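Written below as structure tokens is the structure these notes are about.
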Amino acid sequence: MASDQELIIQFQESINREANFTALLKKHQQKVYYQIKRMVTDHADADDIAQLVWIKIWDKLDGFKMESEFTTWLFRIAYNETLNYIQKQKKQLTSPSNNDLIEYEHATASSDSPKSTEIQIGLDSAISQLPEKQKVVFMLRYYEGFDYEKIASIVGTTIGGAKANYHQAVKKVEGFIKQL
Amino acid sequence: MVMEQHTEDNIEKDLAEDRAWAESLLNKQSLSQFNLSKTDAPFNYFDSFSDKVMQRIEREKIEKTNSKIFFLPSFMRPINKWAVAAAFIIVVGGSFIFLNNSVSKKTEASIVANNISLQDLSSEEIETYVDANEWIAEIDVQTQMQKENARLSSLDEKQIEEIKKTITQ
């Protein structure tokens, strides 16, 4: 499989632009979608934002100078687009609805003890209450395993700031769960 | 090379420590369950996603091309705002100069009209005045003539006779 850099260079040199772009998109589409969905929850919203992100990538890819990793740039665009979308919608997209809670109960009831189900619902509720930046930093660190330098570039902060956001996020979620 | 490997090992170690710390406080099973619930998508969603994006890009390209018909070509676009600014200055400045000029002409004309009576002027002087002051002067002359007519119509027969005598003498 061709590397990101090879695909981007070919795209920029107008060699099979569409094919190279599609290859790049297929390589990263899942991670981008999941990252967005962790922030907005609803599939239709996540789908719409993901499309906007890739349209922006198409428009700006000619100007990408490869000074940073492509994925850093990609996730930064995804993060900014998601924030814009949330602000435009002006609604609590991240709050778990009753349906979400019922889904969780249903998903965990067969295998887990009642106590575990409570923790599960509590965790979802607690994470949804985090400020957007802390939430994203936590997701990128814990689930994607990104280093702090990359996370800092994505959310527009320092390495120290990213570390602080991760620790604050974990402590806040712990606090929310203890209150339940 | 050894240095790079060492740095990578440290990054991995830090990540493992951060994960372990979060799991000790938030329950590892719940964390992984949370991720599962957030990383699901409708069946075959990713198979058609790229086509959907490409179609939307094509649609936007067409929309952009259509909208360009009504605007200047891209190489002239930087000139656009200057052209608008220049047109604005010309319109506003031109109107100001034109209006200012008309007002001053009107003022001059009214000063002349107040100080000199029409009957004191010879027809040559009137013609020269009219030529020099164009349409504003025309209006002034007409106004003055109307005033004179009104004055004459208010006179009785005796007064008219006296005026006739003065003219014939």
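Ligands are numbered from 1 in the order shown, residues from 1 within each chain, and chains are lettered A, B, ... in the order they appear in the structure tokens.
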Distance cut-off 7 Å, counting only C-alpha atoms - which residues of chain A neighbour chain B? Return them as a list in words.
Thr22, Leu25, Lys26, Tyr34, Lys37, Arg38, Thr41, Gln51, Ile55, Ile119, Gln120, Asp124, Tyr142, Gly145, Asp147, Val170 and Glu174 of chain A
Quick one: residues within 10 Å of region 62-75 of chain A, only C-alpha atoms counted, chain neighbours fewer than 6 positions away excluded, as a PyMOL selection string?
chain A and resi 4-5+8-9+11-14+24+28+31-32+35-36+53-54+56+81+140+146+149-155
Quote the spacing between CA of Asn20 (chain A) and CA of Leu7 (chain A) in Å to one decimal place.
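Taking CA of Asn20 (chain A) and CA of Leu7 (chain A), their separation equals 5.4 Å.
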For Ser125 (chain A), which residue out of A:Ala46, A:Met139, A:Leu52, A:Ile177 is the nearest one, using only C-alpha atoms?
A:Ile177
How many Å lie between CA of Tyr79 (chain A) and CA of Gln30 (chain A), rounded to one decimal?
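Going from CA of Tyr79 (chain A) over to CA of Gln30 (chain A), I get 14.6 Å.
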Distance in Å - CA of Leu130 (chain A) versus CA of Gly161 (chain A)
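We find that CA of Leu130 (chain A) and CA of Gly161 (chain A) lie 15.7 Å from each other.
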